[in-house]
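Visitor: After the structure tokens below, expect a handful of questions from me.
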2 protein chains.
Amino acid sequence: MSATDQKQSPDTRERILDVAELLFMQHGFEATSMRTITGRAGVNLASVNYHFGSKEALIQEVFRRRLTWLNRERLRELDRLEREAKGAPLKPHLIVEAFFGVALRMAADTEHGGHTFMRLLGRTYTEPTEFVRNFLAEEYSAVVERFKEALIKALPGVPREEILWRFHFMLGAMSYAISGTDALKLVTECELDEKDPGALARRLMPFLLGGLRAPLAEPQAKQKNARKAA
Amino acid sequence: MSATDQKQSPDTRERILDVAELLFMQHGFEATSMRTITGRAGVNLASVNYHFGSKEALIQEVFRRRLTWLNRERLRELDRLEREAKGAPLKPHLIVEAFFGVALRMAADTEHGGHTFMRLLGRTYTEPTEFVRNFLAEEYSAVVERFKEALIKALPGVPREEILWRFHFMLGAMSYAISGTDALKLVTECELDEKDPGALARRLMPFLLGGLRAPLAEPQAKQKNARKAA
DNA sequence: GCTCGTTTCAAACAGGTGTTTGAATCATAC
DNA sequence: GTATGATTCAAACACCTGTTTGAAACGAGC
């Protein structure tokens, strides 16, 4: 009604988003029904359609709510770095820290749902559903473009393809680490998740940088792969 | 009926498994209905319950069918390496190549469905559904135990925790790379997927090894001094 | 011919899905 | 007070889900 119409239905919308975020993280999109969401949130079943229009739109809003902030923060960091560098190419580790550091810091925030969201996001990277993938790609396109550029400028002599693939691999390592599923029960013995939220970053970041800086493989002469033990 | 009762219903069972594998990979478990599976496979709706018992059992069989072979192959490789080493600790890169190499070779096989299956498997690592996670963990437990042991022996001086985490990170990088979703549309410009199936391995393996061997982070505030891994 | 165990089939079952509806409630402005 | 728009609510909608059923078809062995 008034110019500042953000405050309409102060509770319901936010409570739906919070509950949906948690349940989507725990059970996935398809396995989470609107009845479960609204039931857990203590609101009427119809209210999610009233406030968001559809389940699909709700899913998108769950992401948009935090993703725009996350990516804006990433760009702010990159802007700052490039401003300070005055045109000189950035050191790769600074770029990596800008991109993944923001995410890891958000993942370390267990108070305001950042942790929950990042686990959800990590899972969603491998989400098959088409509209989710398209939505994510669009939401990320600007950030990805900028960081790609920066990395390519920071690593002259390394083939562009190779850089993109390693960015890809870094993303995979992070998303799996953050999503925290640990399908193979590898690190369940190490508790640490709750105690020190920065611990994951201190473990992951060296791994990412080590992978990024690894020597390139021998360009396999032609196509047929000879069995070689090196 | 006879002692070799494997050949019963030669078509139906296998066709269901093939179609289910593909559809699960493309759309996920929940989003793939039995009617879609049986329809696409050209068999009756009831036949999946007849042959497998339930959808859940079908999912497990889709995995078991290839996973037992995959993990047996991994153990065979590791056995061979340890036999040749005669009790001496293995070089880390050999262990990594044994574990991930088998998977990458299977992912490179587009003829017999290995590619499809590995993409499905990569996705399933982050699958929220509980029974799938439990099933995977059990199916992997022996292999994981052996490779953990080998890596710990191969990297004396590196804290056990750190090794497990890096194994975890490597798994994430591989599963994301293999599942091939590329949620952020990072490497879509590089085609290469079809042309040379070994290319992914040649790109991924150096990344994994670089990550594994990366220097450990400075222990924040307290604890021991920094060391180099491997 | 017949029998018997296996496999297929169409139909139905019980319950869950996202969404819509139209009346009831609430809050605010006049 | 009443009028107005925003929100909530219980009920129903049409459709899809995995599973079951009992009869039909098949394929050997005799």
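Identifiers in this document derive from the order of the structure tokens: chains are assigned A, B, ..., residues are numbered from 1 separately in each chain, and ligands are numbered from 1 in order of occurrence.
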Arg213 in chain B: which residues within 12 Å, counting only C-alpha atoms (C1' of nucleotides), same-chain residues fewer than 5 positions away excluded, as a PyMOL selection string?

Guide: (chain A and resi 206-215) or (chain B and resi 91-93+96+151+154-155+158+162-163+166-167+170+206-208+227-230)

Visitor: Hey, what's within 12 Å of DC9 in chain C if we count only C-alpha atoms (C1' of nucleotides) and toss same-chain stuff fewer than 5 positions away? As a PyMOL selection string, please?

Guide: (chain B and resi 43-47) or (chain D and resi 21-25)

Visitor: Which chain B residues have any atom within 12 Å of an atom of chain D, and for each, what is the nearest pair of atoms with distance in Å to one decimal, counting only C-alpha atoms (C1' of nucleotides), rows sorted by chain and number, as JSON lines?

Guide:
{"residue": "B:Met1", "atom": "CA", "partner": "D:DA28", "partner_atom": "C1'", "distance": 11.3}
{"residue": "B:Gln8", "atom": "CA", "partner": "D:DG27", "partner_atom": "C1'", "distance": 11.9}
{"residue": "B:Ser9", "atom": "CA", "partner": "D:DC26", "partner_atom": "C1'", "distance": 11.8}
{"residue": "B:Glu30", "atom": "CA", "partner": "D:DT17", "partner_atom": "C1'", "distance": 10.1}
{"residue": "B:Ala31", "atom": "CA", "partner": "D:DT17", "partner_atom": "C1'", "distance": 10.5}
{"residue": "B:Thr32", "atom": "CA", "partner": "D:DT17", "partner_atom": "C1'", "distance": 10.5}
{"residue": "B:Ser33", "atom": "CA", "partner": "D:DT17", "partner_atom": "C1'", "distance": 7.6}
{"residue": "B:Met34", "atom": "CA", "partner": "D:DG18", "partner_atom": "C1'", "distance": 7.6}
{"residue": "B:Arg35", "atom": "CA", "partner": "D:DT17", "partner_atom": "C1'", "distance": 9.4}
{"residue": "B:Thr36", "atom": "CA", "partner": "D:DT17", "partner_atom": "C1'", "distance": 11.6}
{"residue": "B:Leu45", "atom": "CA", "partner": "D:DT19", "partner_atom": "C1'", "distance": 10.2}
{"residue": "B:Ala46", "atom": "CA", "partner": "D:DT19", "partner_atom": "C1'", "distance": 8.4}
{"residue": "B:Ser47", "atom": "CA", "partner": "D:DT19", "partner_atom": "C1'", "distance": 11.3}
{"residue": "B:Val48", "atom": "CA", "partner": "D:DT19", "partner_atom": "C1'", "distance": 10.5}
{"residue": "B:Asn49", "atom": "CA", "partner": "D:DT19", "partner_atom": "C1'", "distance": 7.7}
{"residue": "B:Tyr50", "atom": "CA", "partner": "D:DT19", "partner_atom": "C1'", "distance": 10.4}
{"residue": "B:Gly53", "atom": "CA", "partner": "D:DT19", "partner_atom": "C1'", "distance": 9.5}
{"residue": "B:Ser54", "atom": "CA", "partner": "D:DG18", "partner_atom": "C1'", "distance": 7.9}
{"residue": "B:Lys55", "atom": "CA", "partner": "D:DG18", "partner_atom": "C1'", "distance": 7.5}
{"residue": "B:Glu56", "atom": "CA", "partner": "D:DG18", "partner_atom": "C1'", "distance": 10.1}

Visitor: Take the residues from that selection and write them out as a PDB file, in the first residue's frame, keeping N, CA, C and O atoms.

Guide:
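What landed in result39.pdb:
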ATOM      1  N   MET B   1      15.378 -71.886 -11.890  1.00  0.00           N
ATOM      2  CA  MET B   1      15.087 -73.151 -11.263  1.00  0.00           C
ATOM      3  C   MET B   1      16.343 -74.006 -11.136  1.00  0.00           C
ATOM      4  O   MET B   1      16.614 -74.590 -10.134  1.00  0.00           O
ATOM      5  N   GLN B   8      16.933 -65.931 -15.685  1.00  0.00           N
ATOM      6  CA  GLN B   8      15.481 -65.758 -15.692  1.00  0.00           C
ATOM      7  C   GLN B   8      15.095 -64.346 -16.171  1.00  0.00           C
ATOM      8  O   GLN B   8      15.706 -63.362 -15.795  1.00  0.00           O
ATOM      9  N   SER B   9      14.094 -64.290 -17.028  1.00  0.00           N
ATOM     10  CA  SER B   9      13.635 -63.033 -17.632  1.00  0.00           C
ATOM     11  C   SER B   9      14.808 -62.218 -18.145  1.00  0.00           C
ATOM     12  O   SER B   9      15.209 -61.228 -17.548  1.00  0.00           O
ATOM     13  N   GLU B  30      13.359 -39.088  -6.961  1.00  0.00           N
ATOM     14  CA  GLU B  30      11.977 -38.712  -6.640  1.00  0.00           C
ATOM     15  C   GLU B  30      11.230 -38.275  -7.886  1.00  0.00           C
ATOM     16  O   GLU B  30      10.045 -38.550  -8.020  1.00  0.00           O
ATOM     17  N   ALA B  31      11.924 -37.616  -8.775  1.00  0.00           N
ATOM     18  CA  ALA B  31      11.251 -37.066  -9.949  1.00  0.00           C
ATOM     19  C   ALA B  31      11.049 -38.107 -11.035  1.00  0.00           C
ATOM     20  O   ALA B  31      10.421 -37.827 -12.053  1.00  0.00           O
ATOM     21  N   THR B  32      11.574 -39.293 -10.836  1.00  0.00           N
ATOM     22  CA  THR B  32      11.407 -40.356 -11.818  1.00  0.00           C
ATOM     23  C   THR B  32      10.385 -41.359 -11.311  1.00  0.00           C
ATOM     24  O   THR B  32      10.628 -42.067 -10.347  1.00  0.00           O
ATOM     25  N   SER B  33       9.226 -41.417 -11.955  1.00  0.00           N
ATOM     26  CA  SER B  33       8.154 -42.305 -11.490  1.00  0.00           C
ATOM     27  C   SER B  33       8.286 -43.677 -12.131  1.00  0.00           C
ATOM     28  O   SER B  33       8.914 -43.843 -13.180  1.00  0.00           O
ATOM     29  N   MET B  34       7.687 -44.648 -11.503  1.00  0.00           N
ATOM     30  CA  MET B  34       7.735 -46.008 -12.028  1.00  0.00           C
ATOM     31  C   MET B  34       7.022 -46.062 -13.374  1.00  0.00           C
ATOM     32  O   MET B  34       7.387 -46.853 -14.238  1.00  0.00           O
ATOM     33  N   ARG B  35       6.019 -45.248 -13.550  1.00  0.00           N
ATOM     34  CA  ARG B  35       5.315 -45.247 -14.835  1.00  0.00           C
ATOM     35  C   ARG B  35       6.213 -44.735 -15.950  1.00  0.00           C
ATOM     36  O   ARG B  35       6.165 -45.229 -17.081  1.00  0.00           O
ATOM     37  N   THR B  36       7.034 -43.753 -15.641  1.00  0.00           N
ATOM     38  CA  THR B  36       7.979 -43.269 -16.653  1.00  0.00           C
ATOM     39  C   THR B  36       8.990 -44.352 -17.000  1.00  0.00           C
ATOM     40  O   THR B  36       9.294 -44.595 -18.171  1.00  0.00           O
ATOM     41  N   LEU B  45       3.827 -51.899 -15.939  1.00  0.00           N
ATOM     42  CA  LEU B  45       4.081 -51.141 -14.709  1.00  0.00           C
ATOM     43  C   LEU B  45       4.419 -52.047 -13.534  1.00  0.00           C
ATOM     44  O   LEU B  45       5.326 -51.754 -12.745  1.00  0.00           O
ATOM     45  N   ALA B  46       3.706 -53.179 -13.451  1.00  0.00           N
ATOM     46  CA  ALA B  46       3.874 -54.036 -12.277  1.00  0.00           C
ATOM     47  C   ALA B  46       5.190 -54.794 -12.269  1.00  0.00           C
ATOM     48  O   ALA B  46       5.600 -55.332 -11.240  1.00  0.00           O
ATOM     49  N   SER B  47       5.873 -54.814 -13.400  1.00  0.00           N
ATOM     50  CA  SER B  47       7.034 -55.701 -13.506  1.00  0.00           C
ATOM     51  C   SER B  47       8.190 -55.259 -12.620  1.00  0.00           C
ATOM     52  O   SER B  47       8.984 -56.096 -12.191  1.00  0.00           O
ATOM     53  N   VAL B  48       8.295 -53.987 -12.333  1.00  0.00           N
ATOM     54  CA  VAL B  48       9.398 -53.574 -11.468  1.00  0.00           C
ATOM     55  C   VAL B  48       9.146 -54.049 -10.039  1.00  0.00           C
ATOM     56  O   VAL B  48      10.079 -54.493  -9.362  1.00  0.00           O
ATOM     57  N   ASN B  49       7.899 -54.017  -9.610  1.00  0.00           N
ATOM     58  CA  ASN B  49       7.618 -54.571  -8.279  1.00  0.00           C
ATOM     59  C   ASN B  49       7.777 -56.085  -8.281  1.00  0.00           C
ATOM     60  O   ASN B  49       8.215 -56.673  -7.298  1.00  0.00           O
ATOM     61  N   TYR B  50       7.455 -56.714  -9.407  1.00  0.00           N
ATOM     62  CA  TYR B  50       7.613 -58.166  -9.479  1.00  0.00           C
ATOM     63  C   TYR B  50       9.093 -58.560  -9.416  1.00  0.00           C
ATOM     64  O   TYR B  50       9.471 -59.461  -8.676  1.00  0.00           O
ATOM     65  N   GLY B  53      10.754 -55.797  -6.204  1.00  0.00           N
ATOM     66  CA  GLY B  53      10.073 -55.691  -4.925  1.00  0.00           C
ATOM     67  C   GLY B  53       9.537 -54.308  -4.640  1.00  0.00           C
ATOM     68  O   GLY B  53       8.420 -54.155  -4.169  1.00  0.00           O
ATOM     69  N   SER B  54      10.343 -53.301  -4.900  1.00  0.00           N
ATOM     70  CA  SER B  54       9.901 -51.929  -4.636  1.00  0.00           C
ATOM     71  C   SER B  54      10.803 -50.967  -5.397  1.00  0.00           C
ATOM     72  O   SER B  54      11.836 -51.363  -5.944  1.00  0.00           O
ATOM     73  N   LYS B  55      10.410 -49.722  -5.419  1.00  0.00           N
ATOM     74  CA  LYS B  55      11.236 -48.710  -6.082  1.00  0.00           C
ATOM     75  C   LYS B  55      12.565 -48.562  -5.351  1.00  0.00           C
ATOM     76  O   LYS B  55      13.624 -48.442  -5.978  1.00  0.00           O
ATOM     77  N   GLU B  56      12.499 -48.585  -4.036  1.00  0.00           N
ATOM     78  CA  GLU B  56      13.710 -48.475  -3.236  1.00  0.00           C
ATOM     79  C   GLU B  56      14.687 -49.597  -3.586  1.00  0.00           C
ATOM     80  O   GLU B  56      15.882 -49.358  -3.778  1.00  0.00           O
TER      81      GLU B  56
END

Visitor: In Å, how much C-alpha RMSD is there between chain B and chain A after the fit, with all atoms paired in order?

Guide: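 The optimal C-alpha superposition leaves an RMSD of 3.3 Å.
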
Visitor: Using only C-alpha atoms (C1' of nucleotides) and a distance of at most 9 Å, pull out the residues of chain C that contact chain B, as a compact mmCIF listing (two decimals) with N, CA, C and O atoms (P, O5', C5', C4', C3', O3' and C1' of nucleotides), in the first residue's frame.

Guide:
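Output below, filename selection_23.txt:
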# COMPACT_ATOMS: atom_id res chain seq x y z
P DT C 6 8.79 -70.53 -9.75
O5' DT C 6 8.76 -69.62 -11.05
C5' DT C 6 9.45 -70.05 -12.21
C4' DT C 6 9.12 -69.14 -13.38
C3' DT C 6 9.25 -67.64 -13.07
O3' DT C 6 10.12 -67.07 -14.03
C1' DT C 6 7.19 -68.10 -14.15
P DT C 7 10.70 -65.58 -13.78
O5' DT C 7 9.68 -64.69 -14.62
C5' DT C 7 9.65 -64.85 -16.04
C4' DT C 7 8.37 -64.25 -16.59
C3' DT C 7 8.21 -62.73 -16.42
O3' DT C 7 8.42 -62.14 -17.69
C1' DT C 7 6.17 -63.91 -16.12
P DT C 8 8.27 -60.56 -17.82
O5' DT C 8 6.72 -60.48 -18.16
C5' DT C 8 6.28 -60.61 -19.50
C4' DT C 8 4.77 -60.45 -19.54
C3' DT C 8 4.28 -58.99 -19.52
O3' DT C 8 3.59 -58.75 -20.74
C1' DT C 8 3.01 -60.35 -18.04
P DC C 9 3.44 -57.23 -21.20
O5' DC C 9 1.97 -56.90 -20.67
C5' DC C 9 0.88 -57.73 -21.12
C4' DC C 9 -0.32 -57.55 -20.21
C3' DC C 9 -0.69 -56.11 -19.91
O3' DC C 9 -1.73 -55.72 -20.79
C1' DC C 9 -0.99 -57.60 -18.03

Visitor: Can you list, as JSON, numbers by chain, every residue of range 14-110 of chain B that DSSP puts in alpha helix (DSSP H)?

Guide: {"B": [14, 15, 16, 17, 18, 19, 20, 21, 22, 23, 24, 25, 26, 27, 34, 35, 36, 37, 38, 39, 40, 41, 47, 48, 49, 50, 51, 52, 55, 56, 57, 58, 59, 60, 61, 62, 63, 64, 65, 66, 67, 68, 69, 70, 71, 72, 73, 74, 75, 76, 77, 78, 79, 80, 81, 82, 83, 84, 85, 92, 93, 94, 95, 96, 97, 98, 99, 100, 101, 102, 103, 104, 105, 106, 107, 108]}

Visitor: Residues of chain B that have any atom at most 6 Å from an atom of chain A: could you tabulate them with the shortest-distance atom pair and the distance in Å to one decimal, using only C-alpha atoms, ordered by chain and increasing number, as CSV?

Guide:
residue,atom,partner,partner_atom,distance
B:His27,CA,A:Pro128,CA,5.2
B:Arg123,CA,A:Thr126,CA,5.7
B:Tyr125,CA,A:Ala183,CA,5.3
B:Thr126,CA,A:Arg123,CA,5.7
B:Pro128,CA,A:His27,CA,5.2
B:Arg133,CA,A:Ala183,CA,5.6
B:Ala137,CA,A:Leu184,CA,4.5
B:Phe169,CA,A:Ala173,CA,4.9
B:Gly172,CA,A:Ala173,CA,4.4
B:Ala173,CA,A:Ala173,CA,4.3
B:Tyr176,CA,A:Gly172,CA,4.8
B:Thr181,CA,A:Thr126,CA,5.9
B:Ala183,CA,A:Tyr125,CA,5.3
B:Leu184,CA,A:Ala137,CA,4.5
B:Phe207,CA,A:Gly211,CA,4.2
B:Gly210,CA,A:Gly211,CA,4.4
B:Gly211,CA,A:Phe207,CA,4.2
B:Ala214,CA,A:Gly210,CA,4.7

Visitor: Please produce a file of those selected residues containing N, CA, C and O atoms, as an mmCIF file, in the first residue's frame.

Guide:
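Here's the written file again-v9.cif:
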data_model
loop_
_atom_site.group_PDB
_atom_site.id
_atom_site.type_symbol
_atom_site.label_atom_id
_atom_site.label_comp_id
_atom_site.auth_asym_id
_atom_site.auth_seq_id
_atom_site.Cartn_x
_atom_site.Cartn_y
_atom_site.Cartn_z
ATOM 1 N N HIS B 27 17.028 -37.016 -13.955
ATOM 2 C CA HIS B 27 16.009 -36.273 -13.213
ATOM 3 C C HIS B 27 15.986 -36.522 -11.716
ATOM 4 O O HIS B 27 15.187 -35.920 -11.016
ATOM 5 N N ARG B 123 26.194 -37.561 -8.614
ATOM 6 C CA ARG B 123 25.066 -36.823 -8.047
ATOM 7 C C ARG B 123 24.635 -37.395 -6.712
ATOM 8 O O ARG B 123 24.268 -36.675 -5.798
ATOM 9 N N TYR B 125 26.242 -38.760 -4.410
ATOM 10 C CA TYR B 125 27.067 -38.447 -3.245
ATOM 11 C C TYR B 125 26.438 -37.343 -2.406
ATOM 12 O O TYR B 125 26.602 -37.305 -1.196
ATOM 13 N N THR B 126 25.737 -36.435 -3.035
ATOM 14 C CA THR B 126 25.102 -35.353 -2.277
ATOM 15 C C THR B 126 23.604 -35.579 -2.122
ATOM 16 O O THR B 126 22.869 -34.651 -1.788
ATOM 17 N N PRO B 128 20.231 -36.361 -0.572
ATOM 18 C CA PRO B 128 19.755 -36.251 0.807
ATOM 19 C C PRO B 128 19.094 -37.519 1.330
ATOM 20 O O PRO B 128 19.189 -37.818 2.506
ATOM 21 N N ARG B 133 22.006 -42.893 1.251
ATOM 22 C CA ARG B 133 23.279 -42.590 1.912
ATOM 23 C C ARG B 133 23.788 -43.781 2.703
ATOM 24 O O ARG B 133 24.957 -44.160 2.614
ATOM 25 N N ALA B 137 27.273 -45.795 1.952
ATOM 26 C CA ALA B 137 28.306 -45.890 2.985
ATOM 27 C C ALA B 137 28.685 -47.331 3.242
ATOM 28 O O ALA B 137 29.863 -47.674 3.354
ATOM 29 N N PHE B 169 37.841 -33.919 0.108
ATOM 30 C CA PHE B 169 37.850 -32.867 -0.912
ATOM 31 C C PHE B 169 38.061 -33.455 -2.304
ATOM 32 O O PHE B 169 37.407 -33.044 -3.277
ATOM 33 N N GLY B 172 34.928 -34.849 -3.599
ATOM 34 C CA GLY B 172 34.016 -33.807 -4.038
ATOM 35 C C GLY B 172 34.373 -33.286 -5.410
ATOM 36 O O GLY B 172 33.509 -33.142 -6.276
ATOM 37 N N ALA B 173 35.644 -33.020 -5.611
ATOM 38 C CA ALA B 173 36.074 -32.505 -6.907
ATOM 39 C C ALA B 173 35.747 -33.501 -8.006
ATOM 40 O O ALA B 173 35.226 -33.135 -9.065
ATOM 41 N N TYR B 176 31.825 -33.957 -8.612
ATOM 42 C CA TYR B 176 31.250 -32.803 -9.314
ATOM 43 C C TYR B 176 31.702 -32.787 -10.767
ATOM 44 O O TYR B 176 30.921 -32.501 -11.675
ATOM 45 N N THR B 181 27.276 -31.684 -14.186
ATOM 46 C CA THR B 181 26.156 -30.757 -14.214
ATOM 47 C C THR B 181 26.603 -29.359 -14.615
ATOM 48 O O THR B 181 25.945 -28.689 -15.376
ATOM 49 N N ALA B 183 26.701 -26.493 -12.881
ATOM 50 C CA ALA B 183 25.574 -25.641 -12.526
ATOM 51 C C ALA B 183 25.820 -24.184 -12.901
ATOM 52 O O ALA B 183 24.901 -23.462 -13.248
ATOM 53 N N LEU B 184 27.068 -23.782 -12.846
ATOM 54 C CA LEU B 184 27.366 -22.371 -13.093
ATOM 55 C C LEU B 184 27.749 -22.102 -14.537
ATOM 56 O O LEU B 184 28.194 -21.007 -14.871
ATOM 57 N N PHE B 207 45.133 -31.967 -10.573
ATOM 58 C CA PHE B 207 44.456 -31.119 -9.581
ATOM 59 C C PHE B 207 44.356 -31.844 -8.243
ATOM 60 O O PHE B 207 44.695 -31.288 -7.185
ATOM 61 N N GLY B 210 47.777 -32.149 -6.661
ATOM 62 C CA GLY B 210 48.200 -30.839 -6.171
ATOM 63 C C GLY B 210 47.508 -30.487 -4.870
ATOM 64 O O GLY B 210 48.126 -29.948 -3.943
ATOM 65 N N GLY B 211 46.231 -30.791 -4.791
ATOM 66 C CA GLY B 211 45.501 -30.516 -3.561
ATOM 67 C C GLY B 211 45.969 -31.375 -2.404
ATOM 68 O O GLY B 211 46.159 -30.904 -1.286
ATOM 69 N N ALA B 214 49.350 -30.181 -1.061
ATOM 70 C CA ALA B 214 49.490 -28.768 -0.699
ATOM 71 C C ALA B 214 49.997 -28.632 0.730
ATOM 72 O O ALA B 214 49.690 -29.472 1.589
#

Visitor: Figure out the distance between CA of Arg40 in chain B and CA of Phe63 in chain B, please, to one decimal in Å.

Guide: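 That distance, rounded to one decimal, is 19.6 Å.
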
Visitor: Expressed in Å to a single decimal, how great is the separation between CA of Arg80 in chain B and CA of Gly157 in chain B?

Guide: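 Calculated distance between CA of Arg80 in chain B and CA of Gly157 in chain B is 25.1 Å.
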